[in-house]
Amino acid sequence: MRTVGYTTARIWAFLYFYDWINPDSRRQARPDFYGYAGFLGGMLGGILSNPFEIVFTRMQADGMYPESQRRNYKGMVDGLCKVSQEGALFRGGLANGLKLGGVVFLATGILDWMKENTYYFFGPIAVTRLVAVTAGVSTAFVFSLPFDAIRTRLHT
């Protein structure tokens, strides 16, 4: 539920914001437009999928708590009902949105830049994609750590 909700919201929001940012009918691909639309799409997807993230995070952390403090969710629906009763469905939503929006923005921007530039150094070989993906994912991972720590603390 978490992945389907986030991916659907992110892709829908990306397409919506990209059409809004770039109304050009010729659709010239500009990296800054992709970045802005990706950030907004990731941010909106992160905020909308936050209730699923809360339940997922709490179910993972439940085993580390003493017996008296465990939440003992039976599943996703039970967790969503209990989180809703607490009034905490969107607690940490901004941190979650910033984390996921930043990951999409950084990973795609650096991936495209690295693919283009490593092509000139290595030529058309498989190493170019591997180097580009490694650079993009590593940078996005490092960027997302502070937001992930805040999000996890707010969720638990």
# chains A, B, ... in the order shown; residues from 1 in each chain; ligands from 1
>>> select_by_dssp(residues="region 10-125 of chain A", states="alpha helix (DSSP H)", output="PyMOL selection string")
chain A and resi 10-21+31-48+50-61+76-86+93-122
>>> write_last_selection(atoms="C-alpha atoms", output="CSV table (one decimal), in the first residue's frame")
chain,number,residue,atom,x,y,z
A,10,ARG,CA,4.5,10.9,-7.4
A,11,ILE,CA,4.0,10.1,-11.0
A,12,TRP,CA,0.6,11.9,-11.2
A,13,ALA,CA,2.0,15.0,-9.5
A,14,PHE,CA,5.2,14.9,-11.7
A,15,LEU,CA,3.1,14.8,-14.9
A,16,TYR,CA,0.8,17.5,-13.6
A,17,PHE,CA,3.6,19.9,-12.5
A,18,TYR,CA,5.7,19.2,-15.6
A,19,ASP,CA,2.7,20.2,-17.8
A,20,TRP,CA,2.2,23.3,-15.7
A,21,ILE,CA,6.0,24.3,-15.7
A,31,PRO,CA,16.8,19.4,-16.8
A,32,ASP,CA,15.7,22.2,-14.6
A,33,PHE,CA,12.0,21.6,-15.5
A,34,TYR,CA,12.5,17.8,-14.8
A,35,GLY,CA,14.1,18.7,-11.5
A,36,TYR,CA,11.4,21.1,-10.4
A,37,ALA,CA,8.6,18.8,-11.4
A,38,GLY,CA,10.4,15.8,-9.8
A,39,PHE,CA,10.8,17.7,-6.5
A,40,LEU,CA,7.2,18.8,-6.4
A,41,GLY,CA,6.0,15.3,-7.4
A,42,GLY,CA,8.2,13.6,-4.8
A,43,MET,CA,7.1,16.1,-2.2
A,44,LEU,CA,3.4,15.7,-2.8
A,45,GLY,CA,3.8,11.9,-3.1
A,46,GLY,CA,5.6,11.9,0.2
A,47,ILE,CA,3.0,14.0,2.0
A,48,LEU,CA,0.1,12.0,0.6
A,50,ASN,CA,2.7,9.7,5.0
A,51,PRO,CA,-0.1,7.7,6.8
A,52,PHE,CA,1.2,4.5,5.2
A,53,GLU,CA,4.8,5.5,6.2
A,54,ILE,CA,3.8,6.1,9.8
A,55,VAL,CA,2.3,2.6,10.1
A,56,PHE,CA,5.2,1.0,8.3
A,57,THR,CA,7.8,2.7,10.5
A,58,ARG,CA,5.9,1.9,13.7
A,59,MET,CA,5.5,-1.7,12.7
A,60,GLN,CA,9.2,-2.0,12.1
A,61,ALA,CA,10.2,-0.3,15.4
A,76,MET,CA,-1.9,-1.9,7.7
A,77,VAL,CA,-5.7,-1.2,8.1
A,78,ASP,CA,-5.6,-1.7,11.9
A,79,GLY,CA,-2.6,0.6,12.1
A,80,LEU,CA,-4.2,3.3,9.9
A,81,CYS,CA,-7.3,3.2,12.1
A,82,LYS,CA,-5.3,3.6,15.3
A,83,VAL,CA,-3.1,6.3,13.9
A,84,SER,CA,-6.3,8.1,12.7
A,85,GLN,CA,-7.7,7.9,16.2
A,86,GLU,CA,-4.5,9.5,17.6
A,93,GLY,CA,4.5,14.7,6.5
A,94,LEU,CA,6.6,17.7,5.6
A,95,ALA,CA,9.9,15.9,6.6
A,96,ASN,CA,8.8,12.9,4.6
A,97,GLY,CA,7.9,15.1,1.6
A,98,LEU,CA,11.1,17.0,1.7
A,99,LYS,CA,13.1,13.8,1.9
A,100,LEU,CA,11.4,12.1,-1.0
A,101,GLY,CA,11.2,15.3,-3.1
A,102,GLY,CA,14.9,15.9,-2.6
A,103,VAL,CA,15.8,12.3,-3.4
A,104,VAL,CA,13.9,12.5,-6.7
A,105,PHE,CA,15.4,15.9,-7.5
A,106,LEU,CA,19.0,15.0,-6.7
A,107,ALA,CA,19.0,11.4,-8.1
A,108,THR,CA,17.6,12.3,-11.5
A,109,GLY,CA,19.6,15.5,-11.9
A,110,ILE,CA,22.9,13.9,-11.0
A,111,LEU,CA,22.1,10.7,-12.9
A,112,ASP,CA,21.4,12.6,-16.1
A,113,TRP,CA,24.5,14.8,-15.7
A,114,MET,CA,26.8,11.9,-14.9
A,115,LYS,CA,25.5,9.8,-17.8
A,116,GLU,CA,26.1,12.6,-20.2
A,117,ASN,CA,29.6,13.4,-19.0
A,118,THR,CA,30.8,9.8,-18.4
A,119,TYR,CA,29.8,9.0,-22.0
A,120,TYR,CA,32.5,11.5,-23.2
A,121,PHE,CA,35.2,9.8,-21.0
A,122,PHE,CA,34.3,6.1,-21.3
>>> atom_distance(atom1="CA of Gly87 (chain A)", atom2="CA of Arg71 (chain A)")
15.3 Å
>>> closest_residue(among="A:Val133, A:Gly63, A:Thr139, A:Arg91", to="Arg153 (chain A)", atoms="only C-alpha atoms")
A:Arg91
>>> atom_distance(atom1="CA of Tyr73 (chain A)", atom2="CA of Thr7 (chain A)")
24.2 Å
>>> closest_residue(among="A:Leu89, A:Ala140, A:Asp24, A:Ser49", to="Gly5 (chain A)", atoms="only C-alpha atoms")
A:Ser49
>>> closest_residue(among="A:Ala132, A:Gly92, A:Gly75, A:Val142", to="Met1 (chain A)", atoms="only C-alpha atoms")
A:Gly75
>>> atom_distance(atom1="CA of Asn72 (chain A)", atom2="CA of Thr156 (chain A)")
13.1 Å
